[in-house]
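Student: My structure is below; once you've seen it, I'll send some questions.
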Amino acid sequence: MATVDVTVMGAGVFGLSVAYACARRGARVGVVDPNGVAAGASGGIVGALAPHVPENWNEKKAFQFESLIMAEAFWAGVERLTGANVGYARTGRLQPLADDRAVALACDRAATAAALWQGKAVWEVVPAGDADWMPPSPTGLVVRDTLSALIHPRRATRALADAVVALGGQIVAEAPEEGAVVWATGWPGLQEIGGTGVKGQAALLRYDAVGQPQLFADALHIIPHEDGTVAVGSTSERDFDDPTAVDAALDDVLARAVAAFPVLEGAEIIERWAGVRPRAKSRAPVLGLHPMRPGQFIANGGFKIGFGMAPKVGSVMADLILEGRERVPDEFQP
């Protein structure tokens with residue numbers, strides 16, 4: 001690899017977002033990953049870009065909100081550079097409400113969202129209606145939000161890699177550490193600083209609901225991709241032997257998905273997937289100076305919200321690496 005200004009270790013969505021942001025500002029960038037692009041959790045199939053609930057506001061929720069607002073322009077820029085379709089669509093999300101208490105809580109959150117989301121998105125309680133693509137709701141009401149979006153993770157990560165290359169960057173299996181070094185190596189790298197990995201299993205079904213909102217029921221994400229498939233996931237497994245094995249836990253996810261949304265019953269399963277997501281102790285991303293590698297940086301811990309956080313992660317890390325400008329929230333500091 002030719003001499004570079006920034007070396008990013010890891011070709012998942014966090015590492016590539018940092019590389020992309022630096023390359024857009026004129027830096028010579030090299031990305032190093034012995035396993036290749038999207039080999040880990042970023043090569044998944046679900047792709048729910050969903051916000052935290054609009055209450056108990058903190059730095060993490062504010063950062064995620066800003067990143068979700070940035071996402072449309074961010075991914076459109078990747079598509080323009082590469083000609084790829086990353087499957088991004090801000091189609092919103094529907095969530096059934098189980099009882100009167102859930103309805104009251106959702107209404108309270110609608111009021112706080114009106115202030116916290118700055119008029120850029122809506123959280124509201126609406127009648128469920130009788131459309132086919134609607135989660136059954138015991139109360140006849142659902143939460144509808146317009147901030148949630150979806151993306152095809154594997155395609156998006158590969159397109160982001162292509163965008164880095166289009167900007168003059170290099171992606172290789174091995175190379176020496178040169179220039180500013182950023183560690184974005186997923187759950188194995190996070191273990192070095194006391195984090196861990198949480199395994200998730202998901203499935204891809206053949207069911208055409210293009211343009212419909214994503215659904216969230218029984219702690220499951222049901223994502224209607226633009227290619228005529230629906231992703232269902234996922235498990236959250238702290239203890240596991242094989243990071244990529246699918247098993248009976250995924251069968252349980254599928255059964256719960258059909259129970260929560262019967263229209264999926266009988267849909268053909270076209271892919272089963274498992275991977276491990278990097279989870280920091282705080283559950284927030286870890287961004288900034290690496291605590292174990294003096295003078296180097298870390299961008300890790302996307303956990304379940306990595307794709308939603310990625311646009312702003314790239315931006316604030318490029319500020320820090322290239323300009324020494326600190327915009328990383330205190331909560332995210334290693």
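Residue numbering restarts at 1 in every chain; chains get A, B, ... in the order shown in the structure tokens, and ligands count up from 1 in that same order.
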Can you list, as a PyMOL selection string, every protein, DNA or RNA residue that comes within 8 Å of range 207-214 of chain A when you count only C-alpha atoms, leaving out same-chain residues fewer than 5 positions away?

Tutor: chain A and resi 48+89+91-94+133+148-150+221-230+264+267-268

Student: Within 9 Å of range 155-168 of chain A, counting only C-alpha atoms, which residues show up once you throw out same-chain ones fewer than 4 positions away? Write them as a PyMOL selection string, please.

Tutor: chain A and resi 11-13+16-17+19-21+23-24+26+28-31+37-38+42-43+75+77-88+151

Student: Neighbours of Asp252 in chain A within 12 Å (only C-alpha atoms; same-chain residues fewer than 5 positions away dropped), as a ChimeraX atom specification?

Tutor: /A:201-203,218,220,232-235,246-247,257-259

Student: Given the selection you just returned, output its residues as a file containing N, CA and C atoms, formatted as a PDB file, in the first residue's frame.

Tutor:
```
ATOM      1  N   GLN A 201     -28.925 -13.457  15.240  1.00  0.00           N
ATOM      2  CA  GLN A 201     -29.332 -14.293  14.116  1.00  0.00           C
ATOM      3  C   GLN A 201     -30.548 -13.649  13.440  1.00  0.00           C
ATOM      4  N   ALA A 202     -30.573 -13.729  12.115  1.00  0.00           N
ATOM      5  CA  ALA A 202     -31.646 -13.103  11.348  1.00  0.00           C
ATOM      6  C   ALA A 202     -31.945 -13.941  10.112  1.00  0.00           C
ATOM      7  N   ALA A 203     -33.061 -13.657   9.494  1.00  0.00           N
ATOM      8  CA  ALA A 203     -33.460 -14.387   8.285  1.00  0.00           C
ATOM      9  C   ALA A 203     -33.993 -13.418   7.247  1.00  0.00           C
ATOM     10  N   ASP A 218     -42.727  -7.373  19.421  1.00  0.00           N
ATOM     11  CA  ASP A 218     -42.126  -8.459  20.202  1.00  0.00           C
ATOM     12  C   ASP A 218     -40.601  -8.399  20.131  1.00  0.00           C
ATOM     13  N   LEU A 220     -38.718  -7.512  17.831  1.00  0.00           N
ATOM     14  CA  LEU A 220     -38.186  -7.925  16.533  1.00  0.00           C
ATOM     15  C   LEU A 220     -38.323  -6.805  15.517  1.00  0.00           C
ATOM     16  N   VAL A 232     -35.939 -10.323   8.947  1.00  0.00           N
ATOM     17  CA  VAL A 232     -36.502 -10.484  10.279  1.00  0.00           C
ATOM     18  C   VAL A 232     -35.361 -10.756  11.249  1.00  0.00           C
ATOM     19  N   GLY A 233     -35.264  -9.982  12.302  1.00  0.00           N
ATOM     20  CA  GLY A 233     -34.212 -10.220  13.283  1.00  0.00           C
ATOM     21  C   GLY A 233     -34.391  -9.343  14.510  1.00  0.00           C
ATOM     22  N   SER A 234     -33.657  -9.607  15.533  1.00  0.00           N
ATOM     23  CA  SER A 234     -32.691 -10.685  15.590  1.00  0.00           C
ATOM     24  C   SER A 234     -32.609 -11.161  17.027  1.00  0.00           C
ATOM     25  N   THR A 235     -31.812 -12.187  17.250  1.00  0.00           N
ATOM     26  CA  THR A 235     -31.534 -12.635  18.603  1.00  0.00           C
ATOM     27  C   THR A 235     -30.506 -11.708  19.251  1.00  0.00           C
ATOM     28  N   VAL A 246     -26.242 -20.686  12.650  1.00  0.00           N
ATOM     29  CA  VAL A 246     -27.667 -20.468  12.889  1.00  0.00           C
ATOM     30  C   VAL A 246     -28.247 -21.739  13.499  1.00  0.00           C
ATOM     31  N   ASP A 247     -29.234 -21.558  14.383  1.00  0.00           N
ATOM     32  CA  ASP A 247     -29.760 -22.716  15.105  1.00  0.00           C
ATOM     33  C   ASP A 247     -31.210 -22.477  15.489  1.00  0.00           C
ATOM     34  N   ALA A 257     -42.061 -13.778  14.767  1.00  0.00           N
ATOM     35  CA  ALA A 257     -42.359 -12.800  13.716  1.00  0.00           C
ATOM     36  C   ALA A 257     -43.701 -13.105  13.060  1.00  0.00           C
ATOM     37  N   VAL A 258     -43.956 -14.368  12.787  1.00  0.00           N
ATOM     38  CA  VAL A 258     -45.234 -14.751  12.167  1.00  0.00           C
ATOM     39  C   VAL A 258     -46.384 -14.518  13.139  1.00  0.00           C
ATOM     40  N   ALA A 259     -46.165 -14.799  14.422  1.00  0.00           N
ATOM     41  CA  ALA A 259     -47.213 -14.559  15.415  1.00  0.00           C
ATOM     42  C   ALA A 259     -47.539 -13.075  15.516  1.00  0.00           C
TER      43      ALA A 259
END
```

Student: Between CA of Ala180 in chain A and CA of Leu320 in chain A, what distance in Å does the model show, to one decimal?

Tutor: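 Straight-line distance from CA of Ala180 in chain A to CA of Leu320 in chain A works out to 10.5 Å.
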
Student: From range 24-232 of chain A, collect each residue whose DSSP state is strand (DSSP E or B) and return the set as a PyMOL selection string.

Tutor: chain A and resi 29-32+48-49+89+93-96+123-127+141-145+149-150+170-172+180-183+196-206+214-217+220-224+229-232

Student: What is the CA of Met70 in chain A-CA of Lys312 in chain A distance in Å, reported with one decimal?

Tutor: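 Computed distance, CA of Met70 in chain A to CA of Lys312 in chain A, equals 7.3 Å.
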
Student: Under the rule that only C-alpha atoms are counted, which of A:Pro291, A:Val316, A:Gly200, A:Phe216 is the nearest residue to Leu250 in chain A?

Tutor: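 Nearest to Leu250 in chain A: A:Gly200.
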